[in-house]
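This is input_25.cif (mmCIF, C-alpha atoms).
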```
data_work
#
loop_
_atom_site.label_atom_id
_atom_site.label_comp_id
_atom_site.auth_asym_id
_atom_site.auth_seq_id
_atom_site.Cartn_x
_atom_site.Cartn_y
_atom_site.Cartn_z
CA MET A 1 -40.09 -16.58 139.06
CA ARG A 2 -38.75 -13.06 138.95
CA PRO A 3 -35.99 -12.28 141.48
CA SER A 4 -37.85 -9.21 142.72
CA GLN A 5 -40.76 -11.39 143.80
CA ILE A 6 -39.04 -12.29 147.06
CA LEU A 7 -38.64 -8.66 147.99
CA LEU A 8 -42.22 -7.78 147.17
CA LYS A 9 -44.17 -9.94 149.56
CA SER A 10 -45.83 -6.84 150.95
CA GLY A 11 -48.53 -5.24 148.87
CA ARG A 12 -46.17 -2.73 147.30
CA SER A 13 -46.48 -2.43 143.54
CA ALA A 14 -43.81 -4.12 141.46
CA TRP A 15 -42.75 -1.16 139.34
CA LYS A 16 -41.63 0.80 142.39
CA GLY A 17 -39.31 -1.96 143.59
CA PRO A 18 -38.53 -2.41 147.27
CA TYR A 19 -38.18 0.63 149.51
CA PHE A 20 -34.67 0.89 150.89
CA ILE A 21 -32.08 3.40 152.05
CA PRO A 22 -28.71 3.33 150.23
CA PHE A 23 -26.43 3.21 153.27
CA GLN A 24 -23.14 4.90 152.41
CA ASN A 25 -20.95 3.07 154.93
CA LEU A 26 -22.23 -0.45 154.32
CA ARG A 27 -18.99 -1.86 152.95
CA ASP A 28 -16.92 -0.38 155.76
CA ALA A 29 -19.35 -1.75 158.28
CA LEU A 30 -19.08 -5.23 156.79
CA THR A 31 -15.26 -5.25 156.90
CA ASN A 32 -14.76 -3.46 160.21
CA HIS A 33 -17.73 -5.07 162.01
CA GLU A 34 -19.01 -1.65 162.88
CA PRO A 35 -22.72 -1.30 163.45
CA VAL A 36 -24.76 0.97 161.17
CA LYS A 37 -26.88 3.32 163.25
CA THR A 38 -30.17 4.09 161.57
CA GLN A 39 -33.68 5.32 162.18
CA ALA A 40 -35.00 3.90 158.88
CA ARG A 41 -37.20 1.15 160.28
CA SER A 42 -39.14 0.83 157.04
CA CYS A 43 -36.03 0.06 154.98
CA THR A 44 -36.29 -3.35 153.28
CA ILE A 45 -33.43 -5.73 154.03
CA LEU A 46 -31.63 -6.36 150.74
CA PRO A 47 -29.39 -9.36 150.01
CA ASN A 48 -26.27 -7.19 150.33
CA PHE A 49 -27.16 -6.30 153.92
CA VAL A 50 -26.51 -9.87 155.05
CA GLY A 51 -23.91 -10.02 157.82
CA VAL A 52 -24.08 -6.32 158.68
CA ARG A 53 -24.82 -5.22 162.22
CA PHE A 54 -27.45 -2.52 162.48
CA LEU A 55 -28.51 -0.34 165.36
CA VAL A 56 -32.19 0.23 164.64
CA HIS A 57 -34.11 2.94 166.42
CA ASN A 58 -37.19 1.83 168.31
CA GLY A 59 -38.39 5.28 169.32
CA ARG A 60 -36.33 5.37 172.49
CA ASP A 61 -32.95 3.86 171.87
CA TYR A 62 -31.10 1.81 169.26
CA THR A 63 -31.39 -1.97 169.43
CA PRO A 64 -28.76 -4.19 167.80
CA VAL A 65 -29.89 -6.30 164.81
CA LEU A 66 -27.62 -8.78 163.07
CA VAL A 67 -28.95 -9.42 159.58
CA THR A 68 -29.00 -13.03 158.45
CA GLN A 69 -29.88 -14.61 155.11
CA ASP A 70 -33.44 -15.48 156.20
CA MET A 71 -34.27 -11.87 157.01
CA VAL A 72 -33.98 -10.74 153.39
CA GLY A 73 -37.23 -9.18 152.24
CA HIS A 74 -38.36 -8.13 155.71
CA LYS A 75 -38.07 -4.62 157.13
CA LEU A 76 -35.43 -3.48 159.61
CA GLY A 77 -38.13 -2.34 162.03
CA GLU A 78 -39.53 -5.85 162.39
CA PHE A 79 -36.48 -6.82 164.42
CA SER A 80 -36.39 -3.86 166.77
CA ILE A 81 -39.32 -4.08 169.15
CA THR A 82 -41.05 -0.89 170.21
CA LYS A 83 -43.20 -2.26 173.01
CA LYS A 84 -42.17 -2.58 176.60
CA ARG A 85 -43.28 -5.63 178.50
CA PHE A 86 -45.84 -4.80 181.18
CA THR A 87 -44.76 -5.29 184.78
CA PHE A 88 -46.42 -4.41 188.04
CA ARG A 89 -44.41 -1.81 189.89
CA CYS A 90 -44.90 -0.55 193.39
CA VAL A 91 -45.02 3.24 193.38
CA ILE A 92 -43.14 4.62 196.40
CA PHE A 93 -43.41 8.27 197.34
CA MET B 1 -94.44 -43.06 142.39
CA VAL B 2 -90.67 -43.38 142.65
CA HIS B 3 -89.03 -44.20 145.95
CA ILE B 4 -85.55 -42.68 146.39
CA ALA B 5 -83.60 -42.16 149.62
CA GLY B 6 -86.66 -42.78 151.78
CA ILE B 7 -88.77 -40.20 149.94
CA ASN B 8 -91.64 -40.78 147.54
CA LEU B 9 -91.36 -38.54 144.51
CA PRO B 10 -94.77 -37.84 142.96
CA ASP B 11 -95.17 -38.99 139.36
CA ASN B 12 -96.47 -35.79 137.86
CA GLN B 13 -93.79 -33.43 139.14
CA VAL B 14 -90.87 -32.26 137.01
CA ALA B 15 -87.85 -34.34 138.04
CA ARG B 16 -85.65 -31.32 138.72
CA PHE B 17 -88.12 -29.94 141.29
CA ALA B 18 -89.17 -33.28 142.72
CA LEU B 19 -85.55 -33.95 143.70
CA THR B 20 -85.53 -30.88 145.97
CA SER B 21 -87.89 -32.66 148.37
CA ILE B 22 -84.95 -34.86 149.40
CA TYR B 23 -83.15 -33.41 152.40
CA GLY B 24 -79.90 -31.69 151.41
CA ILE B 25 -80.77 -31.17 147.77
CA GLY B 26 -81.62 -27.64 146.70
CA HIS B 27 -82.37 -26.28 143.27
CA HIS B 28 -78.73 -26.01 142.29
CA THR B 29 -77.79 -29.52 143.38
CA ALA B 30 -80.90 -30.93 141.73
CA HIS B 31 -79.96 -29.21 138.50
CA ARG B 32 -76.42 -30.61 138.65
CA LEU B 33 -77.76 -34.07 139.41
CA CYS B 34 -80.05 -33.90 136.39
CA ALA B 35 -77.13 -32.81 134.24
CA ARG B 36 -75.08 -35.72 135.56
CA LEU B 37 -77.77 -38.25 134.72
CA GLN B 38 -78.74 -36.57 131.44
CA VAL B 39 -82.27 -35.80 132.56
CA HIS B 40 -83.76 -33.02 130.47
CA ASP B 41 -85.34 -29.92 132.02
CA ARG B 42 -89.00 -30.83 131.36
CA CYS B 43 -88.67 -34.47 132.31
CA LYS B 44 -91.38 -35.65 134.72
CA VAL B 45 -90.65 -38.23 137.38
CA LYS B 46 -92.73 -40.84 135.56
CA ASP B 47 -90.56 -40.38 132.43
CA LEU B 48 -87.33 -41.30 134.22
CA SER B 49 -85.80 -44.48 132.88
CA PRO B 50 -85.13 -47.33 135.34
CA PHE B 51 -81.41 -46.93 134.74
CA GLN B 52 -81.57 -43.25 135.69
CA ILE B 53 -83.50 -44.06 138.85
CA THR B 54 -81.07 -46.73 140.00
CA SER B 55 -78.03 -44.57 139.26
CA LEU B 56 -79.66 -41.67 141.07
CA ALA B 57 -80.33 -43.84 144.11
CA SER B 58 -76.80 -45.23 144.11
CA PHE B 59 -75.33 -41.76 143.78
CA LEU B 60 -77.41 -40.35 146.63
CA SER B 61 -76.58 -43.25 148.93
CA SER B 62 -72.85 -42.43 148.77
CA PRO B 63 -72.03 -39.25 146.82
CA ALA B 64 -68.43 -39.16 147.98
CA THR B 65 -67.55 -42.59 146.63
CA ALA B 66 -69.43 -42.25 143.35
CA PRO B 67 -67.23 -42.72 140.30
CA PRO B 68 -66.16 -39.40 138.78
CA LEU B 69 -67.66 -38.46 135.46
CA PRO B 70 -65.43 -38.83 132.40
CA ARG B 71 -64.36 -35.45 131.14
CA TYR B 72 -63.64 -34.52 127.57
CA PRO B 73 -61.92 -31.14 127.65
CA LEU B 74 -61.94 -29.00 124.55
CA ALA B 75 -58.64 -27.95 123.05
CA ARG B 76 -57.64 -24.33 123.46
CA PRO B 77 -57.32 -22.17 120.32
CA ASP B 78 -53.55 -21.97 120.80
CA TYR B 79 -53.13 -25.74 121.13
CA VAL B 80 -50.58 -27.20 118.74
CA PRO B 81 -50.91 -30.96 118.32
CA PRO B 82 -47.72 -33.00 118.58
CA PRO B 83 -46.30 -34.31 115.30
CA PRO B 84 -47.97 -37.55 114.15
CA THR B 85 -44.67 -39.45 114.37
CA THR B 86 -44.48 -39.26 118.21
CA PRO B 87 -44.84 -42.71 119.78
CA ILE B 88 -47.97 -43.44 121.77
CA HIS B 89 -46.24 -44.00 125.12
CA GLU B 90 -44.71 -40.51 124.98
CA LEU B 91 -48.15 -39.01 124.44
CA GLN B 92 -49.52 -41.05 127.31
CA ALA B 93 -46.72 -39.93 129.65
CA GLY B 94 -47.35 -36.30 128.77
CA PHE B 95 -51.07 -36.68 129.36
CA ASN B 96 -50.51 -38.36 132.73
CA ALA B 97 -48.14 -35.59 133.82
CA LEU B 98 -50.76 -33.01 132.86
CA GLN B 99 -53.46 -34.82 134.82
CA LYS B 100 -51.21 -35.02 137.87
CA LYS B 101 -50.51 -31.29 137.66
CA LYS B 102 -54.23 -30.56 137.41
CA LYS B 103 -54.97 -32.73 140.42
CA ILE B 104 -52.44 -30.82 142.53
CA ASN B 105 -54.03 -27.53 141.52
CA ASN B 106 -57.51 -28.78 142.36
CA SER B 107 -56.54 -30.11 145.77
CA ASP B 108 -57.41 -28.42 149.05
CA PRO B 109 -56.25 -24.78 148.84
CA LEU B 110 -55.52 -24.73 152.57
CA LYS B 111 -52.90 -27.42 152.08
CA ASN B 112 -50.84 -25.17 149.83
CA MET B 113 -50.80 -22.25 152.23
CA LYS B 114 -48.12 -23.62 154.56
CA ILE B 115 -49.29 -21.54 157.51
CA GLU B 116 -47.24 -23.43 160.04
CA GLU B 117 -44.10 -23.13 157.95
CA ASN B 118 -44.49 -19.37 157.58
CA ILE B 119 -45.03 -18.86 161.31
CA ALA B 120 -41.98 -21.00 162.08
CA HIS B 121 -39.95 -18.88 159.64
CA GLN B 122 -41.08 -15.64 161.33
CA ARG B 123 -40.23 -17.04 164.75
CA MET B 124 -36.86 -18.33 163.62
CA ILE B 125 -35.69 -14.94 162.34
CA GLY B 126 -37.13 -13.28 165.44
CA SER B 127 -39.39 -10.77 163.74
CA TYR B 128 -42.27 -8.95 165.40
CA VAL B 129 -44.83 -11.29 163.81
CA GLY B 130 -43.03 -14.34 165.15
CA ARG B 131 -42.79 -12.88 168.64
CA ARG B 132 -46.47 -12.03 168.72
CA HIS B 133 -47.34 -15.57 167.64
CA ALA B 134 -45.17 -16.97 170.41
CA MET B 135 -46.86 -14.70 172.96
CA HIS B 136 -50.37 -15.76 171.83
CA LEU B 137 -51.22 -12.17 171.00
CA PRO B 138 -52.66 -10.45 167.92
CA VAL B 139 -50.14 -9.87 165.18
CA ARG B 140 -51.53 -6.92 163.27
CA GLY B 141 -51.79 -4.20 165.88
CA GLN B 142 -55.21 -4.99 167.33
CA ASN B 143 -56.08 -3.95 170.86
CA THR B 144 -55.08 -6.31 173.64
CA GLN B 145 -56.47 -4.50 176.67
CA ASN B 146 -59.76 -6.33 176.13
CA ASN B 147 -60.83 -9.20 173.94
CA ALA B 148 -58.17 -10.52 171.54
CA LYS B 149 -59.85 -13.84 172.28
CA THR B 150 -59.34 -15.32 168.84
CA ALA B 151 -55.65 -14.52 168.86
CA LYS B 152 -55.19 -15.95 172.35
CA LYS B 153 -56.92 -19.10 171.19
CA LEU B 154 -55.29 -19.52 167.80
CA ASN B 155 -51.94 -17.71 167.67
CA ARG B 156 -49.46 -20.46 168.38
CA LEU B 157 -46.16 -21.46 166.92
CA ASP B 158 -47.62 -24.87 166.13
CA ARG B 159 -51.07 -24.16 164.77
CA HIS B 160 -53.40 -27.05 163.87
#
```

Encoded form using structure tokens:
Amino acid sequence: MRPSQILLKSGRSAWKGPYFIPFQNLRDALTNHEPVKTQARSCTILPNFVGVRFLVHNGRDYTPVLVTQDMVGHKLGEFSITKKRFTFRCVIF
Amino acid sequence: MVHIAGINLPDNQVARFALTSIYGIGHHTAHRLCARLQVHDRCKVKDLSPFQITSLASFLSSPATAPPLPRYPLARPDYVPPPPTTPIHELQAGFNALQKKKKINNSDPLKNMKIEENIAHQRMIGSYVGRRHAMHLPVRGQNTQNNAKTAKKLNRLDRH
């Protein structure tokens, strides 16, 4: 099995490789435990992201995501929910 | 007149078509049955040998438990035979391993899909797909204001 196979579970063609953003401050973030603030929800989680804290944009604010080994191959956006839970609210004028 | 599975097959009909009068046997199945019993295409019912009739009846009474046909696969063009000095038990072991591998491939395709395992994985890492499964809601962006009945029925963490 080719190593890239894990990263290409989505329908993306193999010659392109996974889509990802080369974060500049990844090493600093790993050593200093600083979160990486990003809006790139479609960035694939690579094996070297493991252990890094991200702040992923969900359209409104940035939700914290701690990347673990099992998340490799998924997208950052999968872990930052965009939908608000519905609640009944009494409207008071 | 031949009596098989509670049906009288008329003597003068071609065997392949006469078989279709049995419930559950269409043209395709009848053709496969004839191939199994080595009945030729123009064979009439009256020309069937007694052995063929009995084996046909025994097959139709319990098709699931019928003994499988022996298969003699042809060698591929790129097949290289092992050297003649290899001992027989080595050959036998290799053949058995091959048969086992084939059997696994031919088994139920649903068994190899590991649906439950994949859902559990999604839930464990806390991804959107896993959350939607846990909430009994559609996973791939379908509407939930109405309907979504199938998802509400099926989307569970422990399916099946």

Interatomic distance, atom CA of A:Thr44 to atom CA of B:Arg132 (Å, one decimal):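 If I compute the distance from atom CA of A:Thr44 to atom CA of B:Arg132, I get 20.4 Å.
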
For A:Lys75, find every residue with an atom within 8 Å (counting all atoms listed in the file), except residues of its own chain fewer than 2 positions away, and show them as an mmCIF file with C-alpha atoms, in the frame of the given file.
```cif
data_model
loop_
_atom_site.group_PDB
_atom_site.id
_atom_site.type_symbol
_atom_site.label_atom_id
_atom_site.label_comp_id
_atom_site.auth_asym_id
_atom_site.auth_seq_id
_atom_site.Cartn_x
_atom_site.Cartn_y
_atom_site.Cartn_z
ATOM 1 C CA ARG A 41 -37.200 1.150 160.280
ATOM 2 C CA SER A 42 -39.140 0.830 157.040
ATOM 3 C CA CYS A 43 -36.030 0.060 154.980
ATOM 4 C CA THR A 44 -36.290 -3.350 153.280
ATOM 5 C CA ILE A 45 -33.430 -5.730 154.030
ATOM 6 C CA GLY A 73 -37.230 -9.180 152.240
ATOM 7 C CA GLY A 77 -38.130 -2.340 162.030
ATOM 8 C CA GLU A 78 -39.530 -5.850 162.390
ATOM 9 C CA PHE A 79 -36.480 -6.820 164.420
#
```

query: Between A:Leu30, A:Ile92, A:Val72, A:Thr87, which has the minimum distance to chain B (counting all atoms listed in the file)?
result: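 With all atoms listed in the file as the atom set, the closest residue is A:Val72.
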
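As for atom CA of B:Gly141 and atom CA of A:Ile81, they are spaced 12.9 Å apart.
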
task: Could you list the residues in chain B lying within 8 Å of chain A, using all atoms listed in the file, and format the result as a list in words?
output: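 So the contacting residues turn out to be Ile125, Gly126, Ser127, Tyr128 and Val129 of chain B.
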
Hey, can you spit out that residue selection with C-alpha atoms as a compact mmCIF listing (two decimals), in the coordinates of the input?
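Just written: result_18.txt:
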```txt
# COMPACT_ATOMS: atom_id res chain seq x y z
CA ILE B 125 -35.69 -14.94 162.34
CA GLY B 126 -37.13 -13.28 165.44
CA SER B 127 -39.39 -10.77 163.74
CA TYR B 128 -42.27 -8.95 165.40
CA VAL B 129 -44.83 -11.29 163.81
```
